[in-house]
Amino acid sequence: MQPAARSNLADNAINNIRVEITANRWQIGDRIPNEATLAEMLGVSRGTVREAVRVLVAQGFLETRQGSGTYVRSVIDADDTLLRIRRTGLRDQVETRCALEVEAARLAALRHTPAIIAGLRQLLAARGEYDTANHDRYVERDLAFHKAVVAASGNRAFVEVYEFFSASIQEVIKATVTGELPEPDMAAHVSIVDAIASGDPDMAASTTRAFMAPILIELDRLLAS
């Protein structure tokens, strides 16, 4: 491990410790050196080490255990991973959205409650039909409906991944309502809720897949032209 440069000591300490973790010099579950040892290795104060560890805990790399020490929780650099995902193409992102929504609808059919179904129908009523005078509001309400479908799955990981894709998904929704991509009508949205409410997971999945199919087909056509 290289001593931290005197300028911006905390950031350098964070980066140096992160390098040790992502290079697998410490494995998941390993206890890292104590504060005093890290301070000596990095050539910084214990306060700087304490701040670096706090940041790395917040980033999910480390976890602290009261009275035991600090342990490696993950060796994956989430920021770098998310950056690579952001660089993927629109087709890949829409396809990922499709996969998430299809499986979320399947799980929602198994796990929904009457209150969840009522909430989905209320969101659709608020969404309404597209109006050029309220374009941005329409896009926001449409996205709120799709997020609620994913939330109805009861799978927190789905919710978090879908949230990450929200920015690109919102761009897709904007494209659909401005005529660049086909926009599923209100009946298609209602059919998703009805399929979830039926309690049939296969119906919910196939209905959601059919909902997304025209968008994927048109994207393929546009990308091939």
# chains A, B, ... in the order shown; residues from 1 in each chain; ligands from 1
>>> residues_around(residues="Glu101 in chain A", least_positions_apart="4", cutoff="7 Å", atoms="only C-alpha atoms", output="count of residues only")
4
>>> residues_around(residues="range 197-204 of chain A", least_positions_apart="4", cutoff="6 Å", atoms="only C-alpha atoms", output="list in words")
Ala105, Arg106, Ala109 and Leu110 of chain A
>>> closest_residue(among="A:Ile76, A:Val57, A:Ala104, A:Val190", to="Leu123 in chain A", atoms="only C-alpha atoms")
A:Val190
>>> closest_residue(among="A:Leu62, A:Leu90, A:Ile28, A:Leu42", to="Leu9 in chain A", atoms="only C-alpha atoms")
A:Leu42
>>> select_by_dssp(residues="range 1-213 of chain A", states="strand (DSSP E)", output="compact mmCIF listing (two decimals) with all heavy atoms, in the first residue's frame")
# COMPACT_ATOMS: atom_id res chain seq x y z
N LEU A 62 -16.89 -1.72 3.19
CA LEU A 62 -16.53 -2.19 4.53
C LEU A 62 -17.74 -2.18 5.45
O LEU A 62 -18.74 -1.51 5.18
CB LEU A 62 -15.44 -1.28 5.12
CG LEU A 62 -14.11 -1.17 4.38
CD1 LEU A 62 -13.24 -0.10 5.03
CD2 LEU A 62 -13.38 -2.51 4.35
N GLU A 63 -17.63 -2.92 6.54
CA GLU A 63 -18.62 -2.84 7.60
C GLU A 63 -17.89 -2.89 8.94
O GLU A 63 -16.87 -3.57 9.08
CB GLU A 63 -19.64 -3.97 7.52
CG GLU A 63 -19.08 -5.37 7.71
CD GLU A 63 -20.18 -6.42 7.73
OE1 GLU A 63 -21.35 -6.06 7.97
OE2 GLU A 63 -19.86 -7.60 7.49
N THR A 64 -18.38 -2.12 9.88
CA THR A 64 -17.78 -2.10 11.20
C THR A 64 -18.62 -2.94 12.15
O THR A 64 -19.85 -2.93 12.08
CB THR A 64 -17.67 -0.66 11.74
OG1 THR A 64 -18.97 -0.05 11.71
CG2 THR A 64 -16.73 0.17 10.89
N ARG A 65 -17.94 -3.67 13.01
CA ARG A 65 -18.61 -4.50 14.01
C ARG A 65 -18.15 -4.04 15.38
O ARG A 65 -16.95 -4.08 15.67
CB ARG A 65 -18.29 -5.98 13.79
CG ARG A 65 -18.71 -6.49 12.41
CD ARG A 65 -18.29 -7.93 12.20
NE ARG A 65 -18.49 -8.36 10.82
CZ ARG A 65 -18.07 -9.52 10.32
NH1 ARG A 65 -17.40 -10.37 11.11
NH2 ARG A 65 -18.29 -9.82 9.05
N GLY A 69 -14.00 -4.90 15.07
CA GLY A 69 -13.14 -4.31 14.06
C GLY A 69 -13.90 -3.98 12.80
O GLY A 69 -15.14 -3.91 12.78
N THR A 70 -13.17 -3.77 11.73
CA THR A 70 -13.75 -3.41 10.44
C THR A 70 -13.44 -4.51 9.44
O THR A 70 -12.30 -4.96 9.33
CB THR A 70 -13.18 -2.06 9.93
OG1 THR A 70 -13.45 -1.05 10.91
CG2 THR A 70 -13.82 -1.67 8.61
N TYR A 71 -14.47 -4.93 8.70
CA TYR A 71 -14.36 -6.09 7.81
C TYR A 71 -14.73 -5.72 6.38
O TYR A 71 -15.52 -4.79 6.14
CB TYR A 71 -15.27 -7.21 8.30
CG TYR A 71 -14.86 -7.78 9.64
CD1 TYR A 71 -15.18 -7.11 10.81
CD2 TYR A 71 -14.15 -8.97 9.72
CE1 TYR A 71 -14.79 -7.62 12.05
CE2 TYR A 71 -13.77 -9.50 10.95
CZ TYR A 71 -14.09 -8.81 12.11
OH TYR A 71 -13.71 -9.32 13.32
N VAL A 72 -14.17 -6.48 5.43
CA VAL A 72 -14.49 -6.28 4.02
C VAL A 72 -15.88 -6.85 3.76
O VAL A 72 -16.15 -8.02 4.04
CB VAL A 72 -13.46 -6.98 3.11
CG1 VAL A 72 -13.86 -6.81 1.64
CG2 VAL A 72 -12.07 -6.40 3.35
>>> atom_distance(atom1="CA of Ile217 in chain A", atom2="CA of Pro182 in chain A")
9.5 Å
>>> atom_distance(atom1="CA of Ser166 in chain A", atom2="CA of Lys147 in chain A")
8.7 Å
>>> atom_distance(atom1="CA of Glu103 in chain A", atom2="CA of Asp194 in chain A")
15.8 Å
>>> closest_residue(among="A:Ile116, A:Ala126, A:Met186, A:Leu38", to="Glu20 in chain A", atoms="only C-alpha atoms")
A:Leu38
>>> select_by_dssp(residues="range 17-216 of chain A", states="helix (DSSP H, G or I)", output="number ranges by chain")
A: 17-22, 35-42, 46-58, 78-86, 90-111, 114-127, 132-151, 156-177, 186-198, 201-216
>>> residues_around(residues="range 120-122 of chain A", least_positions_apart="3", cutoff="9 Å", atoms="only C-alpha atoms", output="list of chain:residue names")
A:Ala115, A:Ile116, A:Ile117, A:Ala125, A:Ala126, A:Arg127, A:Phe145, A:Ala148, A:Val149, A:Val190, A:Val193
>>> closest_residue(among="A:Val102, A:Val75, A:Gly119, A:Ala188", to="Gln27 in chain A", atoms="only C-alpha atoms")
A:Val75
>>> closest_residue(among="A:Leu143, A:Ala167, A:Val94, A:Ala133", to="Ile215 in chain A", atoms="only C-alpha atoms")
A:Val94
>>> closest_residue(among="A:Cys98, A:Leu124, A:Ala118, A:Ala108", to="Ala213 in chain A", atoms="only C-alpha atoms")
A:Cys98
